[in-house]
Amino acid sequence: MKKIIVANWKINPQHVDDAVRRAQVIDRGMRRMRGIEAVIAPPFPFLAALKKHTRNLILCAQDVSCRESGAYTGEVSRSMLESVGARVIIVGHSERREHNNENDDVVNKKIKAALSRKTRVILCVGEKDRQPDNFQLFVKQQILSAFRNVAKQFSKQVIIAYEPVWAIGTGKTVNPNDLYEMAIYIRRTLLDVFSKKAAHTIPVLYGGSIDSKNAKYFLGVEGVNGLLVGGASLNPHEFLKIADSAASMK
Ligand code: PGA
């Protein structure tokens, strides 16, 4: 399975020219790398420009509306995102769950709205804190509710990003043994949703305080198929170093 490295730019940078400049540096660097997928998730308004000015990147939206159309001011539909080049959509990022009150029900609706023949979805899951008894169950519940009544045929378009909330933007990272256990646990949970074959081929990514120094560490964990990178992805050279680690690990 190809390693997948995702850049989540969140609410950065502030100007489209700056976004294009950063994306072009990554795009040029990706020309020489084989066997990995570089996915860039800029803010919505920059997707079209990045599509125009890059060739080697897979474009990703950071969110999507649960609605296809209608009187919903400010919402952005999956078809709109597809029309400006997005081929992947992030759903259920913990920052949206926390700051935009997206509960499991909303995440489920968004997953259904986001999946199409052309579009893949990255479902973000992760516990707020590591209470010994229930944090795995919490992640299981997030996965089961996200895929409630989702057609099994979409399994090929699904990616899971395990991002413990306490590790996002904090400089704290998960212990590799714990990550290994969680990757197995996530796959076991996916068996409750998709077929056995599908559950084994769905990529599982890790996210939370990844940088070019620690990336290799997590990419080497069995069952982990890539990384979701926030802060460090805003520096194109740093992101390329992370991608390089992934390319050299096949
Ligand atoms: P971080 O963010 O790499 O800055 O911790 C990860 C994420 O929010 O996806």
# chains A, B, ... in the order shown; residues from 1 in each chain; ligands from 1
>>> select_by_dssp(residues="range 98-240 of chain A", states="helix (DSSP H, G or I)", output="number ranges by chain")
A: 98-99, 104-114, 135-146, 152-157, 165-167, 176-190, 196-201, 215-219, 231-234, 236-240
>>> residues_near_ligand(ligand="ligand 1", cutoff="8 Å", atoms="only C-alpha atoms and all ligand atoms", output="MDAnalysis selection string")
chainID A and resid 7:8 10 93:95 163 167:171 207:211 228:233
>>> atom_distance(atom1="CA of Lys112 in chain A", atom2="CA of Arg67 in chain A")
9.8 Å
>>> select_by_dssp(residues="range 93-177 of chain A", states="strand (DSSP E or B)", output="number ranges by chain")
A: 120-125, 158-162
>>> closest_residue(among="A:Met249, A:Val64, A:Ala19, A:Leu123", to="Val158 in chain A", atoms="only C-alpha atoms")
A:Leu123
>>> residues_around(residues="range 25-40 of chain A", least_positions_apart="3", cutoff="10 Å", atoms="only C-alpha atoms", output="ChimeraX atom specification")
/A:1-9,20-22,43,47,50,53-62,86-88,226,228-229,233,235-241,243-244,246-250
>>> residues_around(residues="Lys152 in chain A", least_positions_apart="5", cutoff="9 Å", atoms="only C-alpha atoms", output="PDB file with N, CA, C and O atoms, in the first residue's frame")
ATOM      1  N   VAL A 193     -17.841  -3.007  10.185  1.00  0.00           N
ATOM      2  CA  VAL A 193     -18.508  -2.100   9.246  1.00  0.00           C
ATOM      3  C   VAL A 193     -18.383  -2.595   7.810  1.00  0.00           C
ATOM      4  O   VAL A 193     -19.354  -2.597   7.057  1.00  0.00           O
ATOM      5  N   PHE A 194     -17.168  -3.002   7.444  1.00  0.00           N
ATOM      6  CA  PHE A 194     -16.893  -3.392   6.061  1.00  0.00           C
ATOM      7  C   PHE A 194     -16.507  -4.870   5.998  1.00  0.00           C
ATOM      8  O   PHE A 194     -16.388  -5.527   7.033  1.00  0.00           O
ATOM      9  N   SER A 195     -16.281  -5.364   4.772  1.00  0.00           N
ATOM     10  CA  SER A 195     -15.885  -6.770   4.639  1.00  0.00           C
ATOM     11  C   SER A 195     -14.466  -6.952   5.189  1.00  0.00           C
ATOM     12  O   SER A 195     -13.728  -5.976   5.372  1.00  0.00           O
ATOM     13  N   ALA A 198     -11.839  -5.566   2.870  1.00  0.00           N
ATOM     14  CA  ALA A 198     -11.850  -4.096   2.865  1.00  0.00           C
ATOM     15  C   ALA A 198     -11.205  -3.548   4.138  1.00  0.00           C
ATOM     16  O   ALA A 198     -10.391  -2.631   4.100  1.00  0.00           O
TER      17      ALA A 198
END
>>> closest_residue(among="A:Asn214, A:Ser69, A:Asn103, A:Ser116", to="Ser155 in chain A", atoms="only C-alpha atoms")
A:Ser116
>>> residues_around(residues="Ala113 in chain A", least_positions_apart="6", cutoff="9 Å", atoms="only C-alpha atoms", output="ChimeraX atom specification")
/A:64-68,77-78
>>> closest_residue(among="A:Ala41, A:Lys51, A:Cys124, A:Val165", to="Gln24 in chain A", atoms="only C-alpha atoms")
A:Lys51
>>> residues_around(residues="Lys156 in chain A", least_positions_apart="4", cutoff="12 Å", atoms="only C-alpha atoms", output="list in words")
Leu115, Ser116, Arg117, Lys118, Thr119, Arg120, Val121, Ile122, Ala151, Lys152, Ile160, Phe194, Ser195, Lys197, Ala198, Ala199, His200, Thr201, Ile202 and Pro203 of chain A
